[in-house]
$ cat data11.txt   # compact mmCIF, C-alpha atoms
# COMPACT_ATOMS: atom_id res chain seq x y z
CA MET A 757 112.39 80.87 108.89
CA SER A 758 112.49 83.50 111.63
CA GLY A 759 109.57 84.76 113.68
CA PRO A 760 108.19 88.30 113.80
CA MET A 761 110.53 91.14 114.68
CA THR A 762 110.65 92.21 118.32
CA ILE A 763 109.79 95.91 118.69
CA TYR A 764 110.03 95.96 122.50
CA ASP A 765 111.74 93.20 124.46
CA SER A 766 111.14 92.50 128.15
CA ARG A 767 113.61 95.13 129.30
CA ALA A 768 112.05 97.83 127.10
CA ILE A 769 108.56 96.81 128.29
CA GLN A 770 109.67 97.26 131.91
CA GLU A 771 110.78 100.80 131.03
CA ILE A 772 107.17 101.55 130.04
CA LEU A 773 105.03 99.43 132.38
CA PRO A 774 105.15 99.56 136.18
CA HIS A 775 104.33 95.80 136.40
CA ARG A 776 106.99 93.32 137.55
CA TYR A 777 107.33 89.58 138.13
CA PRO A 778 105.19 87.67 138.88
CA PHE A 779 102.57 89.97 137.40
CA LEU A 780 104.24 91.14 134.20
CA LEU A 781 102.27 89.13 131.63
CA VAL A 782 103.76 90.22 128.31
CA ASP A 783 107.17 89.08 127.05
CA LYS A 784 107.58 91.16 123.90
CA ILE A 785 105.82 93.49 121.48
CA ILE A 786 105.93 92.38 117.82
CA GLU A 787 103.68 94.93 116.08
CA LEU A 788 102.97 98.57 116.83
CA GLU A 789 101.01 101.27 115.07
CA PRO A 790 101.13 104.21 117.51
CA ARG A 791 97.75 105.26 118.96
CA VAL A 792 96.02 102.60 116.79
CA ARG A 793 97.09 98.99 117.36
CA ILE A 794 99.65 96.84 119.17
CA VAL A 795 100.45 93.11 119.31
CA GLY A 796 102.27 91.45 122.18
CA VAL A 797 103.29 87.89 122.98
CA LYS A 798 103.25 85.90 126.21
CA GLN A 799 105.04 82.55 126.21
CA VAL A 800 103.03 80.42 128.63
CA THR A 801 105.24 77.94 130.49
CA ILE A 802 104.63 75.40 133.24
CA ASN A 803 106.74 77.65 135.49
CA GLU A 804 103.98 80.29 135.72
CA HIS A 805 103.16 80.91 139.39
CA PHE A 806 99.40 80.54 138.87
CA PHE A 807 99.64 76.96 137.58
CA ALA A 808 100.55 75.76 141.09
CA GLY A 809 96.92 76.28 142.09
CA HIS A 810 94.99 76.60 138.80
CA PHE A 811 94.96 73.61 138.48
CA PRO A 812 97.77 71.25 139.57
CA GLU A 813 96.26 68.26 137.72
CA ALA A 814 95.16 70.23 134.64
CA PRO A 815 97.06 73.55 134.36
CA VAL A 816 95.01 76.31 132.69
CA MET A 817 95.85 80.03 132.54
CA PRO A 818 93.05 81.91 134.32
CA GLY A 819 90.87 83.86 131.90
CA VAL A 820 91.14 86.97 134.04
CA LEU A 821 94.92 86.86 133.58
CA GLN A 822 94.47 86.70 129.82
CA ILE A 823 92.41 89.89 130.13
CA GLU A 824 95.14 91.36 132.36
CA ALA A 825 97.76 90.48 129.73
CA LEU A 826 95.66 92.25 127.08
CA ALA A 827 95.33 95.25 129.40
CA GLN A 828 99.10 95.38 129.89
CA VAL A 829 99.66 95.38 126.13
CA GLY A 830 97.06 98.15 125.83
CA ALA A 831 98.80 100.08 128.60
CA ILE A 832 102.03 99.96 126.59
CA LEU A 833 100.17 101.48 123.62
CA ALA A 834 98.80 104.25 125.85
CA LEU A 835 101.78 104.92 128.15
CA ARG A 836 104.31 105.20 125.32
CA GLU A 837 102.52 108.45 124.39
CA PHE A 838 103.52 110.03 127.73
CA GLU A 839 107.00 111.53 128.08
CA ASN A 840 106.59 111.36 131.87
CA ARG A 841 105.31 107.77 131.84
CA ASP A 842 107.48 106.87 134.83
CA GLU A 843 105.15 109.14 136.82
CA LYS A 844 101.97 107.40 135.54
CA ILE A 845 100.15 104.19 136.40
CA PRO A 846 97.26 102.55 134.50
CA PHE A 847 94.20 101.40 136.45
CA PHE A 848 91.34 99.26 135.12
CA SER A 849 88.09 101.21 135.09
CA GLY A 850 85.95 98.67 133.28
CA ILE A 851 85.75 95.45 131.32
CA GLU A 852 82.89 94.83 128.88
CA ASN A 853 81.86 91.94 126.67
CA ALA A 854 84.54 89.61 128.05
CA ARG A 855 84.38 86.13 126.52
CA PHE A 856 86.58 83.10 127.05
CA ARG A 857 86.70 80.76 124.08
CA ARG A 858 89.30 78.06 124.83
CA PRO A 859 91.82 77.15 127.54
CA VAL A 860 95.39 78.39 127.48
CA VAL A 861 97.85 75.76 128.71
CA PRO A 862 101.60 75.42 129.29
CA GLY A 863 103.48 75.54 125.98
CA ASP A 864 101.04 77.91 124.32
CA THR A 865 102.17 81.15 122.69
CA LEU A 866 99.52 83.69 123.60
CA VAL A 867 99.25 86.47 121.00
CA LEU A 868 97.70 89.63 122.44
CA GLU A 869 96.23 92.06 119.90
CA VAL A 870 94.85 95.34 121.17
CA THR A 871 93.15 98.02 119.09
CA ALA A 872 92.52 101.51 120.43
CA LEU A 873 88.90 102.61 120.48
CA ARG A 874 89.77 105.79 122.42
CA ILE A 875 93.15 107.04 123.58
CA GLY A 876 92.99 110.18 125.66
CA SER A 877 95.27 111.94 128.10
CA ARG A 878 93.52 110.14 130.95
CA VAL A 879 90.82 107.69 129.80
CA GLN A 880 91.53 104.79 127.44
CA LYS A 881 89.18 102.29 125.79
CA MET A 882 90.56 99.39 123.82
CA ARG A 883 89.46 96.11 122.32
CA GLY A 884 91.66 93.13 123.06
CA VAL A 885 91.72 89.69 121.44
CA ALA A 886 93.98 86.91 122.70
CA THR A 887 94.74 83.97 120.40
CA VAL A 888 96.78 80.77 120.33
CA ASP A 889 97.64 79.39 116.88
CA GLY A 890 95.07 81.77 115.37
CA ASN A 891 92.24 80.54 117.63
CA VAL A 892 90.60 83.10 119.93
CA THR A 893 91.09 82.28 123.61
CA ALA A 894 89.73 85.48 125.18
CA GLU A 895 88.41 88.85 124.12
CA ALA A 896 87.11 91.97 125.84
CA GLU A 897 86.72 95.71 125.70
CA ILE A 898 88.98 97.22 128.33
CA MET A 899 88.69 100.66 129.86
CA SER A 900 91.44 102.21 131.93
CA VAL A 901 92.42 105.45 133.57
CA ILE A 902 95.99 106.73 133.48
CA ALA A 903 96.65 108.18 136.93
CA ASP A 904 99.64 109.79 138.63
CA ARG A 905 101.80 107.34 140.56
CA PRO A 906 102.10 108.05 144.26
CA LYS A 907 105.20 110.23 144.71
CA GLU A 908 106.83 107.88 147.27
CA ASN A 909 106.86 105.10 144.64
CA ARG A 910 108.78 107.03 141.97
$ encode --input "data11.txt" --output "structure tokens"
Amino acid sequence: MSGPMTIYDSRAIQEILPHRYPFLLVDKIIELEPRVRIVGVKQVTINEHFFAGHFPEAPVMPGVLQIEALAQVGAILALREFENRDEKIPFFSGIENARFRRPVVPGDTLVLEVTALRIGSRVQKMRGVATVDGNVTAEAEIMSVIADRPKENR
């Protein structure tokens, strides 16, 4: 039995997102309905840089990084609509109703489902739900602004 089809692999994701190691928090995209919904996956391993300090005796993925991973998946949904996406950068503008339901630990497969509430040319609002084995780990409404990247960074 094979897993879900990969729509974007890590290399394709890096062509859309400006994030890089150690802050790229999505490994692949497995579902995509343009302007509506997207599902990404993050394989959580003991090698993650944050586990060195959070916490060495009981490694747990920080909840804020789960929200960041959801935001990155949402940014893929939004940025893929821009032909000049290499000139754009997504910035958080708000997080509402964030809840953390269970810890995410090394070995978990974090599934990141994001649904568009509003996709505009500048302002985005999305609802993200992170799960492991079908159990919700984190959820939030995420607002972002798509801004122009500084010219010296292009």
$ residues_around --input "data11.txt" --residues "Thr893 (chain A)" --least-positions-apart "5" --cutoff "7 Å" --atoms "only C-alpha atoms" --output "ChimeraX atom specification"
/A:856-860,886-888
$ write_last_selection --input "data11.txt" --atoms "C-alpha atoms" --output "mmCIF file, in the frame of the given file"
data_model
loop_
_atom_site.group_PDB
_atom_site.id
_atom_site.type_symbol
_atom_site.label_atom_id
_atom_site.label_comp_id
_atom_site.auth_asym_id
_atom_site.auth_seq_id
_atom_site.Cartn_x
_atom_site.Cartn_y
_atom_site.Cartn_z
ATOM 1 C CA PHE A 856 86.580 83.100 127.050
ATOM 2 C CA ARG A 857 86.700 80.760 124.080
ATOM 3 C CA ARG A 858 89.300 78.060 124.830
ATOM 4 C CA PRO A 859 91.820 77.150 127.540
ATOM 5 C CA VAL A 860 95.390 78.390 127.480
ATOM 6 C CA ALA A 886 93.980 86.910 122.700
ATOM 7 C CA THR A 887 94.740 83.970 120.400
ATOM 8 C CA VAL A 888 96.780 80.770 120.330
#
$ closest_residue --input "data11.txt" --among "A:Ser900, A:Gln822, A:Thr762, A:Ser849" --to "Ala872 (chain A)" --atoms "all atoms listed in the file"
A:Ser900
$ closest_residue --input "data11.txt" --among "A:Gly830, A:Pro760, A:Pro906, A:Pro815" --to "Glu869 (chain A)" --atoms "all atoms listed in the file"
A:Gly830
$ residues_around --input "data11.txt" --residues "Tyr764 (chain A)" --least-positions-apart "3" --cutoff "12 Å" --atoms "only C-alpha atoms" --output "list in words"
Pro760, Met761, Arg767, Ala768, Ile769, Gln770, Glu771, Ile772, Leu773, Val782, Asp783, Lys784, Ile785, Ile786, Glu787, Leu788, Ile794, Val795, Gly796, Val797, Val829, Ile832, Leu833 and Arg836 of chain A
$ atom_distance --input "data11.txt" --atom1 "CA of Gly876 (chain A)" --atom2 "CA of Arg905 (chain A)"
17.5 Å
$ closest_residue --input "data11.txt" --among "A:Val879, A:Ile851, A:Val861, A:Glu843" --to "Phe811 (chain A)" --atoms "only C-alpha atoms"
A:Val861
$ residues_near_point --input "data11.txt" --point "(103.1, 99.6, 133.9)" --cutoff "7 Å" --atoms "only C-alpha atoms" --output "tab-separated table (two decimals) with C-alpha atoms, in the frame of the given file"
chain	number	residue	atom	x	y	z
A	772	ILE	CA	107.17	101.55	130.04
A	773	LEU	CA	105.03	99.43	132.38
A	774	PRO	CA	105.15	99.56	136.18
A	775	HIS	CA	104.33	95.80	136.40
A	831	ALA	CA	98.80	100.08	128.60
A	845	ILE	CA	100.15	104.19	136.40
A	846	PRO	CA	97.26	102.55	134.50
$ atom_distance --input "data11.txt" --atom1 "CA of Lys844 (chain A)" --atom2 "CA of Glu804 (chain A)"
27.2 Å
$ decode --input "data11.txt" --residues "region 790-840 of chain A" --atoms "N, CA and C atoms" --output "mmCIF file, in the first residue's frame"
data_model
loop_
_atom_site.group_PDB
_atom_site.id
_atom_site.type_symbol
_atom_site.label_atom_id
_atom_site.label_comp_id
_atom_site.auth_asym_id
_atom_site.auth_seq_id
_atom_site.Cartn_x
_atom_site.Cartn_y
_atom_site.Cartn_z
ATOM 1 N N PRO A 790 -6.678 24.580 -5.540
ATOM 2 C CA PRO A 790 -6.248 25.975 -5.633
ATOM 3 C C PRO A 790 -7.266 26.963 -5.068
ATOM 4 N N ARG A 791 -6.733 27.909 -4.275
ATOM 5 C CA ARG A 791 -7.501 28.995 -3.646
ATOM 6 C C ARG A 791 -8.508 28.497 -2.608
ATOM 7 N N VAL A 792 -8.536 27.194 -2.314
ATOM 8 C CA VAL A 792 -9.535 26.641 -1.392
ATOM 9 C C VAL A 792 -8.897 25.901 -0.221
ATOM 10 N N ARG A 793 -8.038 24.917 -0.515
ATOM 11 C CA ARG A 793 -7.561 24.015 0.540
ATOM 12 C C ARG A 793 -6.241 23.379 0.123
ATOM 13 N N ILE A 794 -5.397 23.101 1.130
ATOM 14 C CA ILE A 794 -4.101 22.482 0.879
ATOM 15 C C ILE A 794 -3.739 21.617 2.083
ATOM 16 N N VAL A 795 -3.032 20.517 1.840
ATOM 17 C CA VAL A 795 -2.585 19.643 2.923
ATOM 18 C C VAL A 795 -1.099 19.358 2.727
ATOM 19 N N GLY A 796 -0.339 19.647 3.777
ATOM 20 C CA GLY A 796 1.094 19.383 3.769
ATOM 21 C C GLY A 796 1.460 18.384 4.849
ATOM 22 N N VAL A 797 2.701 17.908 4.796
ATOM 23 C CA VAL A 797 3.204 16.942 5.763
ATOM 24 C C VAL A 797 4.570 17.381 6.256
ATOM 25 N N LYS A 798 4.776 17.246 7.551
ATOM 26 C CA LYS A 798 6.084 17.468 8.179
ATOM 27 C C LYS A 798 6.441 16.202 8.936
ATOM 28 N N GLN A 799 7.513 15.536 8.522
ATOM 29 C CA GLN A 799 8.012 14.381 9.267
ATOM 30 C C GLN A 799 8.843 14.929 10.422
ATOM 31 N N VAL A 800 8.428 14.648 11.629
ATOM 32 C CA VAL A 800 9.113 15.175 12.811
ATOM 33 C C VAL A 800 10.134 14.136 13.272
ATOM 34 N N THR A 801 11.417 14.520 13.242
ATOM 35 C CA THR A 801 12.478 13.591 13.634
ATOM 36 C C THR A 801 13.249 14.137 14.826
ATOM 37 N N ILE A 802 13.980 13.274 15.489
ATOM 38 C CA ILE A 802 14.789 13.692 16.640
ATOM 39 C C ILE A 802 15.875 14.676 16.226
ATOM 40 N N ASN A 803 16.177 14.749 14.925
ATOM 41 C CA ASN A 803 17.219 15.658 14.439
ATOM 42 C C ASN A 803 16.779 17.115 14.352
ATOM 43 N N GLU A 804 15.507 17.410 14.621
ATOM 44 C CA GLU A 804 15.038 18.802 14.548
ATOM 45 C C GLU A 804 15.859 19.663 15.500
ATOM 46 N N HIS A 805 16.267 20.844 15.029
ATOM 47 C CA HIS A 805 17.128 21.716 15.836
ATOM 48 C C HIS A 805 16.486 22.130 17.158
ATOM 49 N N PHE A 806 15.167 22.272 17.193
ATOM 50 C CA PHE A 806 14.507 22.766 18.408
ATOM 51 C C PHE A 806 14.476 21.740 19.527
ATOM 52 N N PHE A 807 14.608 20.452 19.213
ATOM 53 C CA PHE A 807 14.575 19.441 20.267
ATOM 54 C C PHE A 807 15.779 19.528 21.200
ATOM 55 N N ALA A 808 16.870 20.131 20.749
ATOM 56 C CA ALA A 808 18.062 20.259 21.599
ATOM 57 C C ALA A 808 17.743 21.038 22.871
ATOM 58 N N GLY A 809 16.780 21.952 22.786
ATOM 59 C CA GLY A 809 16.446 22.753 23.967
ATOM 60 C C GLY A 809 15.002 22.665 24.404
ATOM 61 N N HIS A 810 14.163 21.926 23.686
ATOM 62 C CA HIS A 810 12.716 21.892 23.977
ATOM 63 C C HIS A 810 12.181 20.473 23.897
ATOM 64 N N PHE A 811 12.349 19.633 24.743
ATOM 65 C CA PHE A 811 13.195 19.649 25.929
ATOM 66 C C PHE A 811 14.113 18.456 25.842
ATOM 67 N N PRO A 812 15.388 18.572 26.221
ATOM 68 C CA PRO A 812 16.326 17.453 26.018
ATOM 69 C C PRO A 812 15.845 16.134 26.635
ATOM 70 N N GLU A 813 15.192 16.176 27.770
ATOM 71 C CA GLU A 813 14.749 14.950 28.449
ATOM 72 C C GLU A 813 13.386 14.463 27.968
ATOM 73 N N ALA A 814 12.620 15.348 27.347
ATOM 74 C CA ALA A 814 11.281 14.995 26.853
ATOM 75 C C ALA A 814 10.998 15.850 25.618
ATOM 76 N N PRO A 815 11.552 15.468 24.447
ATOM 77 C CA PRO A 815 11.425 16.315 23.259
ATOM 78 C C PRO A 815 9.982 16.491 22.802
ATOM 79 N N VAL A 816 9.572 17.757 22.656
ATOM 80 C CA VAL A 816 8.232 18.134 22.206
ATOM 81 C C VAL A 816 8.384 19.276 21.202
ATOM 82 N N MET A 817 7.706 19.166 20.059
ATOM 83 C CA MET A 817 7.720 20.252 19.077
ATOM 84 C C MET A 817 6.951 21.436 19.652
ATOM 85 N N PRO A 818 7.573 22.623 19.697
ATOM 86 C CA PRO A 818 6.859 23.792 20.223
ATOM 87 C C PRO A 818 5.562 24.055 19.449
ATOM 88 N N GLY A 819 4.510 24.376 20.188
ATOM 89 C CA GLY A 819 3.222 24.666 19.562
ATOM 90 C C GLY A 819 3.308 25.803 18.564
ATOM 91 N N VAL A 820 4.103 26.822 18.883
ATOM 92 C CA VAL A 820 4.219 27.948 17.955
ATOM 93 C C VAL A 820 4.827 27.514 16.630
ATOM 94 N N LEU A 821 5.670 26.473 16.645
ATOM 95 C CA LEU A 821 6.238 25.983 15.389
ATOM 96 C C LEU A 821 5.222 25.153 14.605
ATOM 97 N N GLN A 822 4.279 24.535 15.306
ATOM 98 C CA GLN A 822 3.183 23.876 14.594
ATOM 99 C C GLN A 822 2.352 24.929 13.857
ATOM 100 N N ILE A 823 2.102 26.059 14.524
ATOM 101 C CA ILE A 823 1.358 27.151 13.883
ATOM 102 C C ILE A 823 2.166 27.701 12.706
ATOM 103 N N GLU A 824 3.480 27.841 12.891
ATOM 104 C CA GLU A 824 4.345 28.295 11.797
ATOM 105 C C GLU A 824 4.281 27.328 10.620
ATOM 106 N N ALA A 825 4.296 26.024 10.893
ATOM 107 C CA ALA A 825 4.206 25.031 9.820
ATOM 108 C C ALA A 825 2.883 25.176 9.069
ATOM 109 N N LEU A 826 1.791 25.387 9.812
ATOM 110 C CA LEU A 826 0.494 25.621 9.164
ATOM 111 C C LEU A 826 0.548 26.886 8.306
ATOM 112 N N ALA A 827 1.186 27.930 8.828
ATOM 113 C CA ALA A 827 1.290 29.182 8.083
ATOM 114 C C ALA A 827 2.091 28.994 6.796
ATOM 115 N N GLN A 828 3.149 28.181 6.860
ATOM 116 C CA GLN A 828 3.944 27.936 5.661
ATOM 117 C C GLN A 828 3.126 27.193 4.605
ATOM 118 N N VAL A 829 2.343 26.225 5.037
ATOM 119 C CA VAL A 829 1.477 25.516 4.091
ATOM 120 C C VAL A 829 0.458 26.487 3.497
ATOM 121 N N GLY A 830 -0.115 27.346 4.334
ATOM 122 C CA GLY A 830 -1.035 28.371 3.837
ATOM 123 C C GLY A 830 -0.363 29.332 2.871
ATOM 124 N N ALA A 831 0.889 29.661 3.147
ATOM 125 C CA ALA A 831 1.628 30.567 2.261
ATOM 126 C C ALA A 831 1.840 29.930 0.891
ATOM 127 N N ILE A 832 2.027 28.613 0.860
ATOM 128 C CA ILE A 832 2.146 27.930 -0.437
ATOM 129 C C ILE A 832 0.845 28.090 -1.218
ATOM 130 N N LEU A 833 -0.294 27.901 -0.529
ATOM 131 C CA LEU A 833 -1.599 28.052 -1.187
ATOM 132 C C LEU A 833 -1.747 29.455 -1.765
ATOM 133 N N ALA A 834 -1.314 30.470 -1.003
ATOM 134 C CA ALA A 834 -1.452 31.857 -1.453
ATOM 135 C C ALA A 834 -0.413 32.227 -2.511
ATOM 136 N N LEU A 835 0.864 31.924 -2.249
ATOM 137 C CA LEU A 835 1.936 32.377 -3.135
ATOM 138 C C LEU A 835 1.893 31.721 -4.512
ATOM 139 N N ARG A 836 1.345 30.509 -4.603
ATOM 140 C CA ARG A 836 1.308 29.838 -5.907
ATOM 141 C C ARG A 836 0.411 30.597 -6.891
ATOM 142 N N GLU A 837 -0.420 31.515 -6.371
ATOM 143 C CA GLU A 837 -1.295 32.315 -7.227
ATOM 144 C C GLU A 837 -0.555 33.494 -7.873
ATOM 145 N N PHE A 838 0.666 33.785 -7.393
ATOM 146 C CA PHE A 838 1.430 34.924 -7.893
ATOM 147 C C PHE A 838 2.468 34.451 -8.906
ATOM 148 N N GLU A 839 2.425 35.023 -10.118
ATOM 149 C CA GLU A 839 3.459 34.670 -11.101
ATOM 150 C C GLU A 839 4.813 35.203 -10.670
ATOM 151 N N ASN A 840 4.830 36.323 -9.955
ATOM 152 C CA ASN A 840 6.084 36.931 -9.503
ATOM 153 C C ASN A 840 6.356 36.595 -8.038
#
